[in-house]
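To be precise, the following lines are query19.tsv, and they hold TSV, C-alpha atoms.
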```
chain	number	residue	atom	x	y	z
A	250	VAL	CA	99.27	-14.31	-178.83
A	251	SER	CA	100.48	-11.05	-177.36
A	252	THR	CA	98.71	-9.40	-174.44
A	253	LEU	CA	97.21	-6.80	-176.76
A	254	GLU	CA	95.92	-9.45	-179.10
A	255	GLY	CA	94.67	-11.44	-176.14
A	256	GLN	CA	92.75	-8.40	-174.92
A	257	ALA	CA	91.28	-7.87	-178.37
A	258	ALA	CA	90.22	-11.50	-178.54
A	259	ALA	CA	88.68	-11.34	-175.06
A	260	GLU	CA	86.74	-8.23	-176.05
A	261	LEU	CA	85.47	-9.92	-179.19
A	262	PHE	CA	84.28	-12.88	-177.18
A	263	ALA	CA	82.67	-10.85	-174.41
A	264	ALA	CA	79.13	-11.02	-175.70
A	265	PRO	CA	76.98	-13.37	-173.63
A	266	ASP	CA	73.91	-12.93	-175.82
A	267	HIS	CA	75.94	-13.83	-178.83
A	268	SER	CA	77.20	-16.96	-177.14
A	269	LEU	CA	73.63	-18.26	-176.82
A	270	LEU	CA	72.87	-17.26	-180.39
A	271	ASP	CA	75.96	-19.14	-181.44
A	272	LEU	CA	74.93	-22.18	-179.41
A	273	ILE	CA	71.46	-22.30	-180.92
A	274	ASP	CA	72.76	-21.77	-184.43
A	275	ASN	CA	75.42	-24.48	-184.11
A	276	LEU	CA	73.38	-27.09	-182.29
A	277	LEU	CA	69.99	-26.66	-183.95
A	278	ASN	CA	70.91	-25.45	-187.45
A	279	GLN	CA	74.19	-27.25	-188.09
A	280	GLY	CA	75.81	-30.59	-187.35
A	281	VAL	CA	75.42	-34.14	-188.57
A	282	VAL	CA	71.79	-35.10	-189.07
A	283	LEU	CA	70.58	-38.67	-189.15
A	284	THR	CA	67.58	-39.64	-191.16
A	285	GLY	CA	64.83	-40.98	-189.01
A	286	ASP	CA	62.39	-39.93	-186.39
A	287	VAL	CA	62.75	-38.88	-182.79
A	288	VAL	CA	60.52	-37.60	-180.06
A	289	LEU	CA	61.97	-34.69	-178.15
A	290	GLY	CA	60.53	-33.02	-175.12
A	291	LEU	CA	60.47	-29.28	-175.60
A	292	ALA	CA	61.04	-27.56	-172.28
A	293	ASP	CA	57.71	-27.11	-170.49
A	294	VAL	CA	55.81	-27.95	-173.63
A	295	ASP	CA	54.06	-31.15	-174.59
A	296	LEU	CA	56.15	-33.71	-176.37
A	297	VAL	CA	56.45	-32.89	-180.02
A	298	TYR	CA	57.10	-35.26	-182.85
A	299	LEU	CA	59.94	-34.24	-185.07
A	300	ARG	CA	61.55	-35.47	-188.20
A	301	LEU	CA	65.26	-35.47	-187.43
A	302	SER	CA	65.95	-33.44	-190.50
A	303	LEU	CA	63.61	-30.74	-189.29
A	304	VAL	CA	64.43	-29.49	-185.82
A	305	LEU	CA	61.90	-27.15	-184.35
A	306	CYS	CA	62.85	-24.67	-181.73
A	307	ALA	CA	60.58	-22.43	-179.76
A	308	ALA	CA	62.91	-19.47	-179.67
A	309	ASP	CA	61.06	-17.76	-176.83
A	310	ARG	CA	61.76	-20.83	-174.66
A	311	VAL	CA	65.44	-20.83	-175.41
A	312	LEU	CA	66.43	-17.20	-175.72
A	313	PRO	CA	66.64	-15.30	-172.44
A	314	THR	CA	63.85	-12.84	-171.75
A	315	PRO	CA	64.73	-9.23	-170.83
A	316	GLU	CA	63.69	-10.00	-167.22
A	317	SER	CA	66.09	-12.93	-166.97
A	318	ARG	CA	69.15	-11.00	-168.15
B	117	VAL	CA	63.16	-47.41	-173.20
B	118	SER	CA	66.70	-46.13	-173.53
B	119	SER	CA	68.12	-44.45	-176.63
B	120	LEU	CA	71.58	-43.80	-177.96
B	121	TRP	CA	72.13	-40.05	-178.08
B	122	LEU	CA	74.59	-39.07	-180.80
B	123	TYR	CA	77.26	-36.48	-180.00
B	124	ALA	CA	79.65	-36.84	-182.89
B	125	VAL	CA	80.99	-38.93	-185.74
B	126	THR	CA	84.69	-39.64	-185.96
B	127	THR	CA	87.33	-41.91	-187.44
B	128	ALA	CA	89.09	-42.25	-184.09
B	129	HIS	CA	89.45	-45.66	-182.47
B	130	GLU	CA	89.34	-44.51	-178.88
B	131	LEU	CA	87.72	-41.86	-176.74
B	132	PRO	CA	89.51	-39.36	-174.52
B	133	ALA	CA	89.88	-40.75	-171.01
B	134	GLY	CA	86.87	-40.18	-168.78
B	135	ALA	CA	84.63	-38.94	-171.59
B	136	ALA	CA	81.08	-38.44	-170.33
B	137	GLY	CA	77.83	-37.25	-171.87
B	138	LEU	CA	75.53	-34.36	-171.10
B	139	LEU	CA	73.86	-36.20	-168.22
B	140	GLY	CA	77.10	-37.70	-167.00
B	141	GLU	CA	76.50	-40.98	-168.79
B	142	PRO	CA	79.59	-42.84	-170.00
B	143	LEU	CA	80.26	-42.33	-173.68
B	144	GLN	CA	80.51	-45.21	-176.11
B	145	LEU	CA	82.48	-45.40	-179.34
B	146	LEU	CA	80.41	-47.49	-181.74
B	147	SER	CA	82.37	-48.76	-184.70
B	148	CYS	CA	80.44	-48.41	-187.96
B	149	GLY	CA	82.72	-49.53	-190.77
B	150	ARG	CA	85.42	-46.89	-191.19
B	151	LEU	CA	83.33	-44.47	-189.13
B	152	ALA	CA	82.63	-44.44	-185.43
B	153	ALA	CA	79.76	-42.85	-183.53
B	154	VAL	CA	80.25	-41.20	-180.16
B	155	ALA	CA	77.03	-41.77	-178.26
B	156	GLY	CA	75.63	-42.05	-174.77
B	157	GLU	CA	72.80	-44.23	-173.58
B	158	LEU	CA	69.99	-42.17	-172.07
B	159	GLU	CA	66.82	-43.38	-170.39
B	160	ALA	CA	64.94	-40.22	-171.33
B	161	LEU	CA	65.73	-37.87	-174.18
B	162	PRO	CA	66.80	-34.37	-173.08
B	163	THR	CA	64.53	-31.40	-173.64
B	164	ILE	CA	65.66	-28.43	-175.70
B	165	GLY	CA	66.75	-25.61	-173.47
B	166	ALA	CA	69.73	-23.39	-172.80
B	167	VAL	CA	71.03	-25.71	-170.06
B	168	THR	CA	70.90	-28.88	-172.14
B	169	LEU	CA	72.25	-27.16	-175.24
B	170	ARG	CA	75.23	-25.87	-173.26
B	171	ALA	CA	75.79	-29.29	-171.70
B	172	HIS	CA	75.69	-31.01	-175.10
B	173	ASP	CA	78.06	-28.41	-176.54
B	174	GLN	CA	80.49	-28.88	-173.66
B	175	VAL	CA	80.60	-32.62	-174.32
B	176	VAL	CA	81.36	-32.04	-178.01
B	177	ARG	CA	83.97	-29.38	-177.22
B	178	ARG	CA	85.81	-31.70	-174.85
B	179	LEU	CA	85.73	-34.43	-177.48
B	180	SER	CA	87.00	-32.12	-180.20
B	181	GLU	CA	89.99	-31.09	-178.07
B	182	GLY	CA	91.20	-34.68	-177.99
B	183	MET	CA	90.15	-35.89	-181.44
B	184	ALA	CA	91.49	-34.35	-184.66
B	185	GLU	CA	88.72	-35.68	-186.90
B	186	LEU	CA	85.32	-35.05	-185.37
B	187	LEU	CA	81.98	-34.07	-186.87
B	188	PRO	CA	79.59	-32.74	-184.25
B	189	ALA	CA	76.02	-34.00	-184.38
B	190	ARG	CA	73.04	-31.72	-184.39
B	191	PHE	CA	71.23	-31.66	-181.05
B	192	GLY	CA	68.48	-34.28	-180.94
B	193	GLN	CA	69.96	-37.07	-183.03
B	194	ALA	CA	69.20	-40.42	-181.44
B	195	ALA	CA	68.58	-44.03	-182.33
B	196	ALA	CA	67.05	-46.96	-180.50
B	197	THR	CA	70.06	-49.26	-180.89
B	198	GLY	CA	73.68	-49.22	-181.96
B	199	ASP	CA	72.80	-51.19	-185.08
B	200	GLU	CA	70.21	-48.61	-186.07
B	201	LEU	CA	72.64	-45.76	-185.43
B	202	CYS	CA	75.31	-47.42	-187.56
B	203	ARG	CA	72.84	-48.18	-190.34
B	204	LEU	CA	71.86	-44.51	-190.52
B	205	LEU	CA	75.47	-43.36	-190.57
B	206	LEU	CA	76.58	-45.92	-193.13
B	207	GLU	CA	73.89	-44.68	-195.52
B	208	ARG	CA	75.92	-41.48	-195.68
B	209	GLN	CA	79.41	-42.91	-195.27
B	210	PRO	CA	81.07	-41.33	-198.35
B	211	GLU	CA	79.72	-37.89	-197.51
B	212	LEU	CA	80.70	-38.17	-193.85
B	213	GLU	CA	84.19	-39.39	-194.71
B	214	ARG	CA	84.71	-36.41	-197.00
B	215	ALA	CA	83.52	-34.07	-194.28
B	216	LEU	CA	85.79	-35.70	-191.68
B	217	GLU	CA	88.79	-35.33	-193.94
B	218	ARG	CA	87.92	-31.67	-194.51
B	219	VAL	CA	87.60	-30.77	-190.82
B	220	SER	CA	90.69	-32.68	-189.69
B	221	GLY	CA	92.75	-30.51	-187.36
B	222	CYS	CA	90.46	-27.52	-187.83
B	223	ALA	CA	88.22	-25.42	-185.62
B	224	GLN	CA	85.17	-23.42	-186.65
B	225	MET	CA	85.28	-19.64	-186.34
B	226	THR	CA	82.03	-17.74	-186.80
B	227	LEU	CA	81.70	-14.07	-187.69
B	228	ARG	CA	78.33	-12.33	-187.38
B	229	LEU	CA	77.87	-8.88	-188.81
B	230	PHE	CA	75.19	-6.69	-187.24
B	231	GLY	CA	73.83	-3.40	-188.51
B	232	GLU	CA	72.29	-2.00	-191.63
B	233	PRO	CA	72.78	-4.06	-194.78
B	234	ALA	CA	74.18	-2.43	-197.88
B	235	ALA	CA	71.60	-1.57	-200.49
B	236	PRO	CA	71.11	-4.57	-202.77
B	237	PRO	CA	72.09	-4.13	-206.40
B	238	PRO	CA	69.08	-3.37	-208.57
B	239	ALA	CA	67.35	-6.25	-210.31
B	240	ASP	CA	68.43	-6.73	-213.87
B	241	ASP	CA	65.40	-6.08	-216.05
B	242	ARG	CA	67.22	-6.51	-219.32
B	243	PRO	CA	66.41	-9.68	-221.25
B	244	PRO	CA	69.32	-12.15	-221.14
B	245	ALA	CA	71.50	-12.08	-224.20
B	246	GLY	CA	70.91	-15.01	-226.49
B	247	ALA	CA	68.21	-16.49	-224.28
B	248	ALA	CA	64.57	-16.66	-225.08
B	249	GLY	CA	61.59	-15.64	-223.10
B	250	PRO	CA	60.60	-14.35	-219.69
B	251	GLY	CA	60.97	-17.82	-218.11
B	252	THR	CA	64.73	-17.85	-218.62
B	253	HIS	CA	64.95	-14.30	-217.36
B	254	TYR	CA	62.99	-15.24	-214.24
B	255	LEU	CA	65.22	-18.23	-213.48
B	256	LEU	CA	68.41	-16.23	-214.01
B	257	GLU	CA	67.10	-13.59	-211.63
B	258	ARG	CA	66.26	-16.27	-209.07
B	259	ARG	CA	69.81	-17.60	-209.36
B	260	ARG	CA	71.23	-14.12	-208.91
B	261	ARG	CA	69.20	-13.68	-205.72
B	262	ASP	CA	70.29	-17.09	-204.42
B	263	ASP	CA	73.91	-16.11	-205.08
B	264	GLN	CA	73.36	-12.88	-203.15
B	265	ARG	CA	72.23	-14.91	-200.14
B	266	ARG	CA	75.72	-16.41	-200.05
B	267	GLN	CA	77.58	-13.11	-200.20
B	268	LEU	CA	78.58	-10.52	-197.62
B	269	PRO	CA	79.86	-7.51	-199.58
B	270	GLU	CA	79.74	-5.45	-196.35
B	271	ALA	CA	82.68	-7.50	-195.06
B	272	GLU	CA	84.44	-8.11	-198.36
B	273	GLU	CA	87.81	-6.69	-197.30
B	274	LEU	CA	87.88	-8.65	-194.04
B	275	LEU	CA	86.84	-11.90	-195.72
B	276	ALA	CA	89.55	-11.45	-198.36
B	277	ALA	CA	92.14	-10.96	-195.61
B	278	LEU	CA	91.01	-14.13	-193.84
B	279	LEU	CA	90.67	-16.37	-196.86
B	280	PRO	CA	94.37	-17.42	-196.98
B	281	LEU	CA	93.99	-18.69	-193.41
B	282	VAL	CA	90.85	-20.78	-193.87
B	283	ARG	CA	90.35	-24.22	-195.32
B	284	ALA	CA	86.69	-23.63	-196.12
B	285	GLN	CA	84.16	-20.83	-195.91
B	286	ARG	CA	80.38	-20.66	-195.77
B	287	LEU	CA	78.56	-17.36	-196.08
B	288	GLU	CA	74.92	-16.83	-195.19
B	289	ARG	CA	73.15	-13.56	-195.64
B	290	GLN	CA	70.33	-13.18	-193.14
B	291	VAL	CA	69.25	-9.53	-192.93
B	292	ASN	CA	67.14	-10.54	-189.98
B	293	ARG	CA	66.73	-8.55	-186.76
B	294	ALA	CA	69.76	-6.41	-187.59
B	295	LEU	CA	71.93	-9.43	-188.42
B	296	VAL	CA	73.35	-8.77	-191.87
B	297	GLY	CA	74.93	-12.16	-192.26
B	298	THR	CA	77.19	-14.89	-190.93
B	299	ALA	CA	80.52	-16.20	-192.13
B	300	TYR	CA	81.54	-19.67	-191.00
B	301	HIS	CA	85.23	-20.45	-191.38
B	302	LEU	CA	87.04	-23.73	-191.03
B	303	VAL	CA	90.46	-22.75	-189.67
B	304	PRO	CA	93.44	-25.04	-188.99
B	305	ARG	CA	93.92	-24.76	-185.23
B	306	PRO	CA	97.50	-23.39	-185.40
B	307	ARG	CA	96.21	-20.49	-187.53
B	308	VAL	CA	93.49	-19.39	-185.09
B	309	PRO	CA	95.64	-16.74	-183.30
B	310	GLU	CA	96.54	-15.13	-186.65
B	311	TYR	CA	92.88	-15.31	-187.71
B	312	LEU	CA	91.85	-13.47	-184.53
B	313	ARG	CA	94.60	-10.89	-185.04
B	314	ARG	CA	93.36	-10.10	-188.55
B	315	VAL	CA	89.77	-9.89	-187.35
B	316	ALA	CA	90.80	-7.46	-184.62
B	317	GLU	CA	92.69	-5.35	-187.19
B	318	HIS	CA	89.69	-5.06	-189.49
B	319	ARG	CA	86.97	-4.69	-186.90
B	320	VAL	CA	87.12	-0.92	-186.70
B	321	ARG	CA	86.88	-0.61	-190.49
B	322	LEU	CA	83.48	-2.26	-190.38
B	323	LEU	CA	81.98	0.46	-188.19
B	324	PRO	CA	79.19	1.44	-187.79
B	325	ARG	CA	78.36	-2.19	-188.35
B	326	ARG	CA	79.33	-4.44	-185.45
B	327	LEU	CA	81.19	-7.70	-185.72
B	328	ALA	CA	80.77	-10.58	-183.26
B	329	VAL	CA	83.27	-13.42	-183.28
B	330	ALA	CA	82.69	-16.89	-181.90
B	331	GLY	CA	85.15	-19.72	-181.65
B	332	PRO	CA	87.27	-21.68	-181.83
B	333	ALA	CA	84.45	-24.21	-181.79
B	334	PRO	CA	83.85	-27.72	-183.09
B	335	PRO	CA	83.07	-27.64	-186.83
B	336	TYR	CA	79.28	-27.79	-186.59
B	337	ALA	CA	78.76	-25.79	-189.79
B	338	PHE	CA	80.94	-28.10	-191.86
B	339	ALA	CA	79.32	-31.42	-191.06
B	340	GLY	CA	77.09	-31.53	-194.11
B	341	GLU	CA	77.41	-32.33	-197.77
B	342	GLU	CA	77.42	-28.79	-199.11
B	343	ASP	CA	80.31	-27.47	-201.13
B	344	HIS	CA	82.33	-25.43	-198.69
B	345	GLY	CA	85.18	-24.61	-200.97
B	346	GLY	CA	86.93	-21.49	-199.79
```
Take the structure in the file and give it back as structure tokens.
Amino acid sequence: VSTLEGQAAAELFAAPDHSLLDLIDNLLNQGVVLTGDVVLGLADVDLVYLRLSLVLCAADRVLPTPESR
Amino acid sequence: VSSLWLYAVTTAHELPAGAAGLLGEPLQLLSCGRLAAVAGELEALPTIGAVTLRAHDQVVRRLSEGMAELLPARFGQAAATGDELCRLLLERQPELERALERVSGCAQMTLRLFGEPAAPPPADDRPPAGAAGPGTHYLLERRRRDDQRRQLPEAEELLAALLPLVRAQRLERQVNRALVGTAYHLVPRPRVPEYLRRVAEHRVRLLPRRLAVAGPAPPYAFAGEEDHGG
């Protein structure tokens, strides 16, 4: 990859908010899913019971708030 | 009570040296027929949060760099024992084997298009030729709308330019909080630099809409049974 292309790629990747969006999308919407049950602790929230095929995500707990940016 | 936390499914017979999980636990490669599960034994299941998601992703990324055939697991997949984990995977063995073959040697690139969506084509109010009744018309219209949810006409030219480079493509139209839609591409790793070059070339033509690119990443979006034909 030439320097110019490298710069273009770096610019495309330089989006920290998008990186978290990408993380949430990949890890909570995609990927191999088992069938079965699991209990997950949601950060600072009571334990919630989830079917593995249905992952719940409290977006306001995961996405950064304007104050935390 | 400990659980086995699933990171990935593979056909590999050994793990990269020093492979460790999101809490530093040693990773295990559990043989399940022709498949193998990469898992770590955890005393307490992790909570969902940015820190744990990033840690899980880092584990999968390190694995994917050393293993050509790897299907990442969704965050939160766990089983009480190795036997249970294998049983659950073997129930889906044919599907997982097909997916592993498809992702072999590939990385996932993700394009997200932000901005105003193009105006949707008007609904077709004409009765379908040769078909009877409003029920058929309703179902055909539903199918048309479902098809639209898997199209990104706003990025048609870019997607056409990328298609020769990708092994599989998934399109999802979101039109949600300024996100027009997402294109997931399965790209053979040697073609990633050319993929990025073509994206950079076309980016300006998408203005005023904005394009965000993510990757190369493990093939999270190609771990399921859906038809991802490019």
Fill in: Neighbours of chain A in chain B at 6 Å, counting all atoms listed in the file, as a PyMOL selection string
chain B and resi 163-166+188-191+329+336-337+339
Residues of the last selection are to be written out with C-alpha atoms, as an mmCIF file, keeping the file's coordinate frame.
```
data_model
loop_
_atom_site.group_PDB
_atom_site.id
_atom_site.type_symbol
_atom_site.label_atom_id
_atom_site.label_comp_id
_atom_site.auth_asym_id
_atom_site.auth_seq_id
_atom_site.Cartn_x
_atom_site.Cartn_y
_atom_site.Cartn_z
ATOM 1 C CA THR B 163 64.530 -31.400 -173.640
ATOM 2 C CA ILE B 164 65.660 -28.430 -175.700
ATOM 3 C CA GLY B 165 66.750 -25.610 -173.470
ATOM 4 C CA ALA B 166 69.730 -23.390 -172.800
ATOM 5 C CA PRO B 188 79.590 -32.740 -184.250
ATOM 6 C CA ALA B 189 76.020 -34.000 -184.380
ATOM 7 C CA ARG B 190 73.040 -31.720 -184.390
ATOM 8 C CA PHE B 191 71.230 -31.660 -181.050
ATOM 9 C CA VAL B 329 83.270 -13.420 -183.280
ATOM 10 C CA TYR B 336 79.280 -27.790 -186.590
ATOM 11 C CA ALA B 337 78.760 -25.790 -189.790
ATOM 12 C CA ALA B 339 79.320 -31.420 -191.060
#
```
Discussion item. Would you pick out the contacts of His301 (chain B) at 7 Å or less, using all atoms listed in the file, so that residues sharing its chain but fewer than 6 positions from it are not included, and give the list as a VMD selection string?
Written reply: chain B and resid 224 to 226 282 284 to 286
Item to complete: Quick one: residues within 10 Å of (85.9, -26.9, -176.2) (file frame), counting all atoms listed in the file, please, as a ChimeraX atom specification.
Response: /B:173-182,223,331-334
Discussion item. Report, in Å with one decimal, the straight-line distance from CA of Leu327 (chain B) to CA of Leu229 (chain B).
Written reply: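 Taking CA of Leu327 (chain B) and CA of Leu229 (chain B), their separation equals 4.7 Å.
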Item to complete: One decimal, Å: what's the distance from CA of Gly140 (chain B) over to CA of Ser118 (chain B), could you say?
Response: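 It comes out at 14.9 Å.
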Fill in: Between CA of Val296 (chain B) and CA of Arg325 (chain B) - distance in Å to one decimal
9.0 Å
Might you pull out every residue within 10 Å of Pro142 (chain B), with all atoms listed in the file counted and same-chain residues fewer than 3 positions away left off, and present them as a compact mmCIF listing (two decimals) with C-alpha atoms, in the frame of the given file?
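Saved as selection_14.txt:
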```
# COMPACT_ATOMS: atom_id res chain seq x y z
CA GLY B 134 86.87 -40.18 -168.78
CA ALA B 135 84.63 -38.94 -171.59
CA ALA B 136 81.08 -38.44 -170.33
CA GLY B 137 77.83 -37.25 -171.87
CA LEU B 138 75.53 -34.36 -171.10
CA LEU B 139 73.86 -36.20 -168.22
CA ALA B 155 77.03 -41.77 -178.26
CA GLY B 156 75.63 -42.05 -174.77
CA GLU B 157 72.80 -44.23 -173.58
CA LEU B 158 69.99 -42.17 -172.07
```
Shell of 8 Å around Glu185 (chain B), all atoms listed in the file, local chain residues under 6 positions omitted, as a JSON list (two decimals) with C-alpha atoms, keeping the file's coordinate frame:
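Result file follows (selection-v5.json):
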```json
[["chain", "number", "residue", "atom", "x", "y", "z"],
["B", 126, "THR", "CA", 84.69, -39.64, -185.96],
["B", 127, "THR", "CA", 87.33, -41.91, -187.44],
["B", 128, "ALA", "CA", 89.09, -42.25, -184.09],
["B", 216, "LEU", "CA", 85.79, -35.70, -191.68],
["B", 217, "GLU", "CA", 88.79, -35.33, -193.94],
["B", 219, "VAL", "CA", 87.60, -30.77, -190.82],
["B", 220, "SER", "CA", 90.69, -32.68, -189.69],
["B", 221, "GLY", "CA", 92.75, -30.51, -187.36]]
```
Item to complete: Kindly indicate which residue among B:Leu302, B:Leu206, B:Leu322, B:Val308 lies nearest to Glu273 (chain B), using all atoms listed in the file for the distances.
Response: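 Nearest candidate to Glu273 (chain B) out of B:Leu302, B:Leu206, B:Leu322, B:Val308: B:Leu322.
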